[in-house]
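Pasted below: final_12.txt, compact mmCIF, C-alpha atoms and all ligand atoms.
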```txt
# COMPACT_ATOMS: atom_id res chain seq x y z
CA MET G 191 50.05 105.45 100.40
CA THR G 192 48.52 102.66 98.36
CA ALA G 193 45.68 100.60 99.79
CA ALA G 194 46.53 96.91 99.67
CA VAL G 195 43.63 94.59 98.94
CA HIS G 196 45.22 91.59 100.60
CA ILE G 197 48.61 91.62 102.26
CA ARG G 198 50.06 88.14 102.10
CA SER G 199 51.68 86.73 105.25
CA SER G 200 55.26 85.50 105.38
CA ALA G 201 54.02 81.91 105.24
CA GLU G 202 51.85 82.65 102.20
CA LEU G 203 54.68 84.39 100.39
CA ILE G 204 57.07 81.51 101.05
CA ARG G 205 54.47 79.04 99.74
CA ALA G 206 53.84 81.24 96.69
CA GLU G 207 57.52 81.12 95.71
CA GLU G 208 57.74 77.34 95.60
CA PRO G 209 56.09 76.62 92.20
CA VAL G 210 57.38 79.68 90.34
CA LEU G 211 60.83 80.47 91.69
CA ALA G 212 63.90 78.43 90.74
CA HIS G 213 65.07 76.38 93.71
CA ASN G 214 68.72 77.46 93.59
CA TYR G 215 68.57 78.80 97.16
CA HIS G 216 67.25 77.43 100.44
CA PRO G 217 66.56 80.64 102.40
CA LEU G 218 65.73 80.74 106.08
CA PRO G 219 61.96 81.18 106.52
CA VAL G 220 61.99 84.95 107.04
CA VAL G 221 60.40 87.35 104.55
CA VAL G 222 62.02 90.76 104.80
CA ALA G 223 59.89 93.74 103.87
CA ARG G 224 61.93 96.74 105.01
CA ALA G 225 65.24 97.59 106.59
CA GLU G 226 67.31 100.37 108.03
CA GLY G 227 70.89 100.34 109.23
CA THR G 228 71.61 97.03 110.96
CA TRP G 229 67.94 96.04 111.33
CA VAL G 230 65.49 94.36 109.00
CA GLU G 231 61.78 93.88 109.52
CA ASP G 232 59.63 91.07 108.18
CA VAL G 233 56.14 91.17 106.73
CA GLU G 234 54.57 90.78 110.18
CA GLY G 235 56.69 93.57 111.64
CA ARG G 236 59.14 91.36 113.56
CA ARG G 237 62.61 92.91 113.75
CA TYR G 238 65.90 91.11 113.21
CA LEU G 239 69.52 92.15 113.61
CA ASP G 240 71.25 91.52 110.28
CA MET G 241 74.49 89.69 111.07
CA LEU G 242 75.09 88.68 107.43
CA ALA G 243 74.85 92.04 105.65
CA GLY G 244 74.17 90.55 102.24
CA TYR G 245 77.43 88.59 102.25
CA SER G 246 79.21 91.96 102.80
CA ALA G 247 77.26 93.79 100.08
CA LEU G 248 75.74 95.80 102.95
CA ASN G 249 78.95 96.86 104.69
CA PHE G 250 77.45 100.32 105.30
CA GLY G 251 74.17 98.90 106.53
CA HIS G 252 70.78 99.01 104.87
CA ARG G 253 69.91 102.26 103.12
CA HIS G 254 72.81 104.32 104.40
CA PRO G 255 71.51 107.92 104.12
CA ALA G 256 74.49 109.19 102.11
CA LEU G 257 74.21 106.33 99.63
CA ILE G 258 70.42 106.63 99.28
CA GLU G 259 70.80 110.37 98.73
CA ALA G 260 73.44 109.86 96.04
CA ALA G 261 71.18 107.31 94.35
CA HIS G 262 68.13 109.59 94.47
CA ARG G 263 70.08 112.53 93.10
CA GLN G 264 71.38 110.43 90.23
CA LEU G 265 67.96 108.85 89.53
CA ASP G 266 66.62 112.32 88.97
CA ARG G 267 69.28 113.12 86.38
CA LEU G 268 70.61 110.16 84.38
CA THR G 269 70.64 106.40 84.90
CA LEU G 270 72.05 104.68 81.82
CA THR G 271 73.88 105.63 78.66
CA SER G 272 75.69 102.40 77.73
CA ARG G 273 79.39 102.78 77.03
CA ALA G 274 78.61 103.77 73.44
CA PHE G 275 78.76 107.29 74.91
CA HIS G 276 80.61 108.84 77.81
CA ASN G 277 78.70 109.72 80.96
CA ASP G 278 79.58 112.52 83.33
CA ARG G 279 79.94 110.26 86.42
CA LEU G 280 82.40 107.66 85.24
CA ALA G 281 85.64 109.68 85.22
CA GLU G 282 85.34 110.60 88.90
CA PHE G 283 84.37 107.07 89.92
CA ALA G 284 87.39 105.59 88.13
CA GLU G 285 89.82 108.23 89.41
CA ARG G 286 88.61 107.88 92.97
CA LEU G 287 88.52 104.06 92.93
CA ALA G 288 92.04 103.90 91.51
CA ALA G 289 93.23 106.32 94.20
CA LEU G 290 91.46 104.43 97.00
CA THR G 291 93.06 101.12 96.00
CA GLY G 292 96.43 102.51 94.93
CA MET G 293 95.95 101.17 91.41
CA ASP G 294 96.19 102.78 87.95
CA MET G 295 93.20 101.65 85.94
CA VAL G 296 89.61 100.56 86.48
CA LEU G 297 87.45 98.20 84.42
CA PRO G 298 83.88 98.68 85.64
CA MET G 299 81.48 95.74 85.61
CA ASN G 300 78.35 94.79 87.57
CA THR G 301 78.42 91.53 89.51
CA GLY G 302 81.31 89.86 91.28
CA ALA G 303 81.37 86.91 88.91
CA GLU G 304 81.73 89.34 86.02
CA ALA G 305 84.69 90.97 87.72
CA VAL G 306 86.29 87.53 88.10
CA GLU G 307 85.59 86.64 84.47
CA SER G 308 86.99 90.01 83.41
CA GLY G 309 90.10 89.48 85.53
CA ILE G 310 90.60 86.09 83.87
CA LYS G 311 90.29 87.62 80.40
CA VAL G 312 92.68 90.45 81.21
CA ALA G 313 95.22 88.02 82.71
CA ARG G 314 95.09 85.70 79.70
CA LYS G 315 95.45 88.56 77.22
CA TRP G 316 98.37 89.92 79.23
CA ALA G 317 99.96 86.46 79.17
CA TYR G 318 99.79 86.24 75.36
CA GLU G 319 100.68 89.84 74.54
CA VAL G 320 103.16 90.76 77.24
CA LYS G 321 104.52 87.54 78.75
CA GLY G 322 104.60 85.69 75.40
CA VAL G 323 102.73 82.51 76.33
CA PRO G 324 101.96 80.45 73.16
CA ALA G 325 98.38 80.87 71.88
CA ASP G 326 95.68 79.14 73.96
CA ARG G 327 98.17 77.71 76.44
CA ALA G 328 97.76 80.18 79.32
CA THR G 329 96.95 78.72 82.73
CA ILE G 330 95.59 80.30 85.88
CA VAL G 331 96.39 78.79 89.26
CA VAL G 332 93.60 78.89 91.84
CA ALA G 333 93.13 77.55 95.37
CA ALA G 334 91.07 74.61 96.58
CA GLU G 335 87.88 75.56 98.47
CA ASN G 336 87.74 78.81 96.50
CA PHE G 337 84.58 80.78 95.87
CA HIS G 338 84.69 83.15 92.91
CA GLY G 339 81.10 83.07 91.66
CA ARG G 340 78.70 80.95 89.65
CA THR G 341 79.40 81.23 85.91
CA THR G 342 80.35 78.07 84.01
CA THR G 343 84.02 79.02 83.77
CA ILE G 344 84.19 79.87 87.47
CA VAL G 345 82.39 76.78 88.80
CA GLY G 346 84.66 74.74 86.51
CA PHE G 347 87.58 75.47 88.86
CA SER G 348 85.57 75.13 92.07
CA THR G 349 86.26 72.15 94.33
CA ASP G 350 82.69 72.19 95.65
CA GLU G 351 80.84 69.34 93.96
CA THR G 352 77.44 70.91 94.64
CA ALA G 353 78.51 74.00 92.72
CA ARG G 354 80.08 72.00 89.84
CA ALA G 355 78.21 68.78 89.27
CA GLY G 356 76.00 68.74 86.22
CA PHE G 357 77.35 71.91 84.64
CA GLY G 358 80.25 70.63 82.53
CA PRO G 359 82.02 70.66 80.16
CA PHE G 360 84.21 73.26 81.76
CA THR G 361 86.71 75.82 80.52
CA PRO G 362 90.24 74.39 80.47
CA GLY G 363 93.33 76.26 81.66
CA PHE G 364 92.97 76.20 85.44
CA LYS G 365 95.16 74.43 88.00
CA ILE G 366 94.00 73.94 91.56
CA VAL G 367 96.43 73.89 94.49
CA PRO G 368 95.79 73.75 98.25
CA TYR G 369 95.18 77.18 99.83
CA ASN G 370 97.81 78.55 102.18
CA ASP G 371 100.50 76.29 100.67
CA LEU G 372 103.36 78.16 99.03
CA ALA G 373 105.27 75.01 98.08
CA ALA G 374 102.30 73.69 96.11
CA LEU G 375 101.92 77.05 94.42
CA GLU G 376 105.63 77.11 93.55
CA ALA G 377 105.28 73.69 91.92
CA ALA G 378 102.18 74.66 89.93
CA VAL G 379 103.42 77.93 88.44
CA ASP G 380 105.35 77.59 85.17
CA ASP G 381 106.05 79.44 81.91
CA THR G 382 102.42 79.17 80.84
CA THR G 383 101.03 80.68 84.04
CA ALA G 384 99.18 83.93 83.42
CA ALA G 385 98.09 84.48 87.00
CA VAL G 386 97.55 83.20 90.49
CA LEU G 387 93.96 83.96 91.49
CA ILE G 388 93.12 83.73 95.20
CA GLU G 389 90.95 85.21 97.91
CA PRO G 390 93.14 86.90 100.58
CA ILE G 391 90.69 85.36 103.06
CA GLN G 392 88.39 82.58 101.85
CA GLY G 393 84.91 83.77 102.75
CA GLU G 394 82.51 81.07 101.61
CA ALA G 395 84.93 78.37 102.76
CA GLY G 396 84.29 79.59 106.32
CA VAL G 397 86.43 82.74 106.70
CA ILE G 398 89.70 80.87 106.24
CA ILE G 399 92.60 83.17 107.07
CA PRO G 400 95.95 82.08 105.61
CA ASP G 401 99.09 82.01 107.74
CA GLU G 402 100.95 85.28 108.21
CA GLY G 403 103.37 85.52 105.29
CA TYR G 404 101.27 83.59 102.77
CA LEU G 405 100.11 86.67 100.84
CA THR G 406 103.63 88.12 100.95
CA GLY G 407 104.87 84.76 99.66
CA VAL G 408 102.33 84.75 96.82
CA ARG G 409 103.43 88.24 95.88
CA GLU G 410 107.13 87.32 95.95
CA LEU G 411 106.57 84.09 94.02
CA THR G 412 104.41 85.62 91.27
CA ARG G 413 106.88 88.46 90.79
CA ARG G 414 109.84 86.08 90.63
CA LYS G 415 108.08 83.72 88.20
CA GLY G 416 106.72 86.51 86.03
CA CYS G 417 102.99 85.99 86.43
CA LEU G 418 100.21 88.13 87.83
CA PHE G 419 98.79 88.10 91.36
CA VAL G 420 95.03 88.55 91.15
CA ALA G 421 93.33 89.10 94.52
CA ASP G 422 89.58 88.47 94.72
CA GLU G 423 88.55 91.04 97.34
CA ILE G 424 84.89 90.92 96.41
CA GLN G 425 83.94 89.82 99.93
CA SER G 426 87.09 90.62 101.93
CA GLY G 427 87.52 94.15 100.58
CA LEU G 428 86.05 97.58 101.29
CA GLY G 429 86.42 97.74 105.05
CA ARG G 430 85.26 94.30 106.18
CA THR G 431 88.57 93.22 107.73
CA GLY G 432 89.52 96.58 109.19
CA ARG G 433 91.41 97.71 106.11
CA THR G 434 90.20 98.96 102.74
CA LEU G 435 91.66 95.77 101.22
CA ALA G 436 92.47 92.59 103.13
CA VAL G 437 95.87 92.35 101.37
CA GLU G 438 96.88 95.49 103.31
CA HIS G 439 97.25 93.33 106.44
CA GLU G 440 100.47 92.10 104.84
CA SER G 441 101.18 95.34 102.95
CA VAL G 442 100.90 93.41 99.70
CA VAL G 443 100.03 95.05 96.38
CA PRO G 444 98.56 92.62 93.82
CA ASP G 445 98.59 93.27 90.07
CA LEU G 446 94.82 93.05 89.81
CA VAL G 447 92.21 93.43 92.53
CA LEU G 448 88.62 92.30 92.02
CA LEU G 449 85.94 94.28 93.82
CA GLY G 450 82.18 93.93 94.05
CA LYS G 451 79.53 93.45 96.72
CA ALA G 452 79.90 96.56 98.99
CA LEU G 453 81.00 98.68 96.01
CA GLY G 454 77.31 99.00 95.09
CA GLY G 455 76.36 100.18 98.58
CA GLY G 456 73.70 97.48 98.86
CA ILE G 457 71.67 99.34 96.22
CA VAL G 458 72.81 98.15 92.79
CA PRO G 459 75.38 95.60 91.63
CA VAL G 460 78.69 97.35 91.03
CA SER G 461 81.96 95.51 90.48
CA ALA G 462 85.36 96.36 89.06
CA VAL G 463 88.75 95.05 88.13
CA VAL G 464 91.37 97.53 89.30
CA GLY G 465 94.99 97.11 88.44
CA ARG G 466 98.24 98.09 86.84
CA ARG G 467 98.11 100.13 83.65
CA ASP G 468 100.36 97.68 81.76
CA VAL G 469 97.93 94.86 82.60
CA VAL G 470 94.40 96.34 82.40
CA GLY G 471 95.71 98.41 79.49
CA VAL G 472 95.91 95.33 77.24
CA LEU G 473 92.18 95.63 76.51
CA GLN G 474 91.34 97.45 73.29
CA PRO G 475 87.92 98.66 72.05
CA GLY G 476 85.55 95.81 71.32
CA GLN G 477 87.50 93.16 73.22
CA HIS G 478 85.41 93.30 76.39
CA GLY G 479 82.35 95.11 77.60
CA SER G 480 79.07 95.27 79.45
CA THR G 481 75.83 97.11 78.71
CA PHE G 482 75.46 98.17 82.33
CA GLY G 483 79.09 98.31 83.47
CA GLY G 484 80.06 101.85 84.46
CA ASN G 485 76.52 103.18 84.20
CA PRO G 486 75.98 106.62 85.76
CA LEU G 487 73.77 105.35 88.59
CA ALA G 488 76.35 102.70 89.53
CA ALA G 489 79.17 105.23 89.24
CA ALA G 490 77.34 107.76 91.44
CA ILE G 491 76.63 105.17 94.13
CA GLY G 492 80.15 103.71 93.85
CA THR G 493 81.60 107.20 94.28
CA ALA G 494 79.47 107.73 97.39
CA VAL G 495 80.78 104.39 98.72
CA ILE G 496 84.33 105.63 98.15
CA ASP G 497 83.44 108.85 100.03
CA LEU G 498 82.49 106.71 103.04
CA LEU G 499 85.60 104.54 102.83
CA GLU G 500 87.90 107.56 102.50
CA THR G 501 86.86 108.74 105.96
CA GLY G 502 88.47 105.61 107.42
CA GLU G 503 85.60 105.40 109.89
CA PHE G 504 84.33 102.02 108.69
CA GLN G 505 87.75 100.39 108.63
CA ARG G 506 88.28 101.71 112.18
CA ARG G 507 84.92 100.40 113.35
CA ALA G 508 85.69 96.97 111.86
CA THR G 509 89.00 96.90 113.74
CA GLU G 510 87.60 98.10 117.07
CA LEU G 511 84.42 96.04 117.02
CA GLY G 512 86.44 93.10 115.75
CA VAL G 513 88.01 93.02 119.21
CA VAL G 514 84.53 92.74 120.75
CA LEU G 515 83.61 90.00 118.25
CA ARG G 516 86.74 87.96 118.98
CA GLY G 517 86.34 88.45 122.71
CA GLY G 518 82.74 87.26 122.60
CA LEU G 519 83.58 84.22 120.50
CA SER G 520 86.55 83.33 122.72
CA GLY G 521 84.14 83.26 125.63
CA LEU G 522 82.01 80.70 123.79
CA LEU G 523 84.88 78.31 123.12
CA GLY G 524 84.02 75.03 124.77
CA LYS G 525 80.46 76.28 125.27
CA GLY G 526 79.12 75.17 121.92
CA VAL G 527 81.81 76.80 119.79
CA VAL G 528 84.64 74.43 118.90
CA GLY G 529 86.69 76.96 116.95
CA PHE G 530 86.51 80.24 115.09
CA ARG G 531 88.47 82.43 112.73
CA ALA G 532 87.95 86.18 112.74
CA ARG G 533 89.39 89.30 111.21
CA GLY G 534 87.75 92.67 111.57
CA LEU G 535 83.99 92.29 111.64
CA TRP G 536 84.07 88.93 109.95
CA ALA G 537 84.07 85.50 111.55
CA GLY G 538 83.62 81.86 110.67
CA VAL G 539 82.35 80.04 113.75
CA ASP G 540 82.51 76.25 114.02
CA ILE G 541 79.62 74.98 116.11
CA ASP G 542 79.82 71.73 118.06
CA PRO G 543 78.01 69.31 115.70
CA ALA G 544 76.27 67.79 118.75
CA ILE G 545 74.34 71.07 119.12
CA GLY G 546 73.15 71.15 115.54
CA SER G 547 74.11 71.90 111.97
CA GLY G 548 74.99 75.43 110.94
CA ARG G 549 71.59 75.58 109.32
CA GLU G 550 69.79 74.55 112.52
CA VAL G 551 71.71 77.06 114.62
CA SER G 552 70.95 79.76 112.02
CA ALA G 553 67.24 78.90 112.21
CA ARG G 554 67.28 79.10 116.02
CA LEU G 555 69.08 82.45 115.87
CA MET G 556 66.47 83.67 113.40
CA ARG G 557 63.66 82.79 115.80
CA LYS G 558 65.44 84.93 118.40
CA GLY G 559 65.82 87.86 116.02
CA VAL G 560 69.35 87.43 114.68
CA LEU G 561 70.02 86.67 111.00
CA VAL G 562 73.16 84.72 110.05
CA LYS G 563 74.06 82.22 107.35
CA ASP G 564 75.66 78.82 107.66
CA THR G 565 78.47 77.91 105.27
CA HIS G 566 79.79 74.37 105.34
CA GLY G 567 78.33 71.79 107.71
CA SER G 568 78.37 73.26 111.19
CA THR G 569 80.05 76.57 110.45
CA ILE G 570 78.18 79.86 110.61
CA ARG G 571 79.44 83.12 109.24
CA LEU G 572 79.11 86.43 111.06
CA ALA G 573 79.53 89.58 108.97
CA PRO G 574 77.38 92.39 110.34
CA PRO G 575 77.16 95.81 108.75
CA LEU G 576 80.20 97.85 109.76
CA THR G 577 77.73 100.37 111.20
CA ILE G 578 76.71 97.96 113.96
CA THR G 579 77.07 99.34 117.50
CA GLY G 580 79.02 97.60 120.26
CA GLU G 581 75.75 97.03 122.11
CA GLU G 582 74.07 95.43 119.11
CA LEU G 583 77.08 93.19 118.57
CA GLU G 584 77.15 92.13 122.22
CA GLY G 585 73.42 91.47 121.96
CA ALA G 586 73.94 89.17 118.99
CA LEU G 587 76.75 87.33 120.77
CA GLY G 588 74.49 86.96 123.81
CA THR G 589 71.76 85.47 121.63
CA LEU G 590 74.30 83.07 120.12
CA ALA G 591 75.33 82.03 123.64
CA GLU G 592 71.67 81.38 124.51
CA VAL G 593 71.09 79.32 121.39
CA LEU G 594 74.20 77.24 122.03
CA THR G 595 73.29 76.39 125.60
CA GLU G 596 69.63 75.68 124.84
CA ARG G 597 70.14 72.26 123.23
CA SER G 598 66.65 71.95 121.80
C1 LIG U 601 80.30 86.84 96.21
C2 LIG U 601 81.63 86.56 95.65
C3 LIG U 601 81.84 86.49 94.26
C4 LIG U 601 80.71 86.55 93.26
O1 LIG U 601 79.98 87.74 93.32
P1 LIG U 601 78.52 87.80 92.67
O2 LIG U 601 78.16 89.27 92.73
O3 LIG U 601 77.62 86.96 93.50
O4 LIG U 601 78.63 87.31 91.27
C5 LIG U 601 83.12 86.31 93.82
N1 LIG U 601 84.16 86.20 94.67
C6 LIG U 601 83.99 86.25 96.00
C7 LIG U 601 85.18 86.14 96.90
C8 LIG U 601 82.72 86.43 96.54
O5 LIG U 601 82.55 86.44 97.87
```
Rewrite the coordinates I just gave you, this time as structure tokens.
Amino acid sequence: MTAAVHIRSSAELIRAEEPVLAHNYHPLPVVVARAEGTWVEDVEGRRYLDMLAGYSALNFGHRHPALIEAAHRQLDRLTLTSRAFHNDRLAEFAERLAALTGMDMVLPMNTGAEAVESGIKVARKWAYEVKGVPADRATIVVAAENFHGRTTTIVGFSTDETARAGFGPFTPGFKIVPYNDLAALEAAVDDTTAAVLIEPIQGEAGVIIPDEGYLTGVRELTRRKGCLFVADEIQSGLGRTGRTLAVEHESVVPDLVLLGKALGGGIVPVSAVVGRRDVVGVLQPGQHGSTFGGNPLAAAIGTAVIDLLETGEFQRRATELGVVLRGGLSGLLGKGVVGFRARGLWAGVDIDPAIGSGREVSARLMRKGVLVKDTHGSTIRLAPPLTITGEELEGALGTLAEVLTERS
């Protein structure tokens, strides 16, 4: 134990951030100091149920014992080699991740945005070398209201002005079509199209679930037109929706799948592009890389994540508790909730604007010990750890009901 001279309060810590920390976030006023499972505790020892789970980076809860143990074991042995050398953890991670996702090859990276950037590079190279698109003419078709990360290339094809404005000039070569609209997609795809890049469920947009048949349609269309289907499963994947991948709800197999968030077990950033050998295989030495991508600590933790997913327990929990979540939200329709979309343990809940903005409702929930995040306007997103119990989930829904009827 270390003796602290002065432990700063939550309020002091929040004030201390202001002058020194970039203002690119507007967090709720809670300062988390420790966590376990579905619960976090603030500096003053107040406990909160985590109904956001790090935007699905914490699908297995905080500090899952198996993941912490794998991390500790690896920390004691080897943490980083760079890819200048092989490390003894990477082969198993790649084999197991390919097997889990039914894909051939793995390109390991770190953050989600890097996986998206890597997917874009792979798709473009494939377009030039395999499809025969003339040099520098390749296009990638994306969906309106997408969220794929924060790099300059990625925000360049965002339709969210807050994310884009002031960051141009942007990378050319992207076409934006409405989500969930196969006719628009059909019209946008041509001989220069390298790939269609979409989220199987749009998370940041408010958990927007496309119509049944959309993903099948995207798969059929991309195959027929001779371009790639790239699925960004960074938030939707790894158990969240009740399946390992959200595309499995329509039994669709994309050409490339982008993974991140939960792949690092809530411990370190781990992302990957997984895909077909004839696509990922276009990359040759020197053409892409990352100092940290595929590091032994990340590979060890990622492999432990795969161990958990292979049991099927988390996918099952998401499915079963998803019934409780939908039931609870249905009961709130007309009682402060004007609509919701849910799949597995993931929901976008539209709050009656008369009650308050998503932000205000999130703040009220926080004061009652439940942490959530608003998305757009009056929508809040629920995405608890998949380890949550039925009782905890019912408790959170009860607190939401209280907050909605309070009308402060
Ligand atoms: C979070 C997210 C990303 C970006 O991941 P980062 O690790 O924050 O860079 C990309 N795509 C989707 C669908 C996401 O939810």
Given a cut-off of 10 Å, what residues near ligand LIG 601 (chain U) show up using all atoms listed in the file, put as a VMD selection string? chain G and resid 244 to 247 300 to 307 336 to 341 344 388 to 395 421 to 427 448 to 452 459 to 461
Measure the distance from CA of Asp232 (chain G) to CA of Ile491 (chain G) in Å and round it to one decimal. 26.2 Å
Hey, what's within 12 Å of Arg224 (chain G) if we count only C-alpha atoms and toss same-chain stuff fewer than 6 positions away? As a PDB file with C-alpha atoms, in the coordinates of the input, please?
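What follows is the written file around-v4.pdb:
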```pdb
ATOM      1  CA  VAL G 230      65.490  94.360 109.000  1.00  0.00           C
ATOM      2  CA  GLU G 231      61.780  93.880 109.520  1.00  0.00           C
ATOM      3  CA  ASP G 232      59.630  91.070 108.180  1.00  0.00           C
ATOM      4  CA  VAL G 233      56.140  91.170 106.730  1.00  0.00           C
ATOM      5  CA  GLU G 234      54.570  90.780 110.180  1.00  0.00           C
ATOM      6  CA  GLY G 235      56.690  93.570 111.640  1.00  0.00           C
ATOM      7  CA  ARG G 236      59.140  91.360 113.560  1.00  0.00           C
ATOM      8  CA  ARG G 237      62.610  92.910 113.750  1.00  0.00           C
ATOM      9  CA  TYR G 238      65.900  91.110 113.210  1.00  0.00           C
ATOM     10  CA  ASP G 240      71.250  91.520 110.280  1.00  0.00           C
ATOM     11  CA  HIS G 252      70.780  99.010 104.870  1.00  0.00           C
ATOM     12  CA  ARG G 253      69.910 102.260 103.120  1.00  0.00           C
TER      13      ARG G 253
END
```
If we count all atoms listed in the file and set the cut-off at 8 Å, which residues sit around Ile578 (chain G), ignoring sequence neighbours fewer than 6 positions away in its own chain? Please answer as an MDAnalysis selection string. chainID G and resid 227:228 251
Separation of CA of Gly456 (chain G) from CA of Thr269 (chain G) in Å: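 Going from CA of Thr269 (chain G) over to CA of Gly456 (chain G) covers 16.8 Å.
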Enter the distance from CA of Ala328 (chain G) to CA of Leu387 (chain G), in Å, rounded to one decimal.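 Value for the CA of Ala328 (chain G)-CA of Leu387 (chain G) distance: 13.3 Å.
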Calculated over all atoms listed in the file, which of the candidates G:Leu435, G:Leu248, G:Ala201, G:Met241 has the smallest distance to Val562 (chain G)? G:Met241
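Between Arg531 (chain G) and the candidates G:Lys563, G:Lys311, G:Arg286, G:Arg571, the tightest atom-to-atom separation, counting all atoms listed in the file, involves G:Arg571.
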Given only C-alpha atoms as the basis, pick out the residue of G:Leu405, G:Arg533, G:Leu239, G:Leu211 nearest to Glu582 (chain G).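 Closest residue, counting only C-alpha atoms: G:Leu239.
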Of G:Leu218, G:Ile204, G:Val560, G:Ile398, the one nearest to Ala333 (chain G) when counting all atoms listed in the file is G:Ile398
Considering all atoms listed in the file, return as an MDAnalysis selection string whatever protein or nucleic-acid residues lie within 9 Å of Thr431 (chain G), sequence-local ones (same chain, fewer than 3 positions apart) excluded. chainID G and resid 426:428 434:436 439 505 508:509 512 532:536
Surrounding residues of Asn370 (chain G) excluding itself and chain neighbours under 4 positions, 8 Å, only C-alpha atoms, as a ChimeraX atom specification: /G:400-401,404
With C-alpha atoms retained, write the just-selected residues as a PDB file, in the frame of the given file.
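File produced: out.pdb:
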```pdb
ATOM      1  CA  PRO G 400      95.950  82.080 105.610  1.00  0.00           C
ATOM      2  CA  ASP G 401      99.090  82.010 107.740  1.00  0.00           C
ATOM      3  CA  TYR G 404     101.270  83.590 102.770  1.00  0.00           C
TER       4      TYR G 404
END
```
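Distances here use all atoms listed in the file; by that measure, the residue among G:Leu511, G:Tyr369, G:Val312, G:Arg506 closest to Gln474 (chain G) is G:Val312.
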Would you list the contacts of Thr493 (chain G) as a ChimeraX atom specification, taking every protein, DNA or RNA residue within 10 Å and counting all atoms listed in the file, but skipping same-chain residues closer than 2 positions in sequence? /G:257,260,279-280,282-287,453-455,487-491,495-499
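The smallest atom-to-atom distance between Leu242 (chain G) and any of G:Lys321, G:Arg354, G:His216, G:Arg430, using only C-alpha atoms, is found for G:Arg430.
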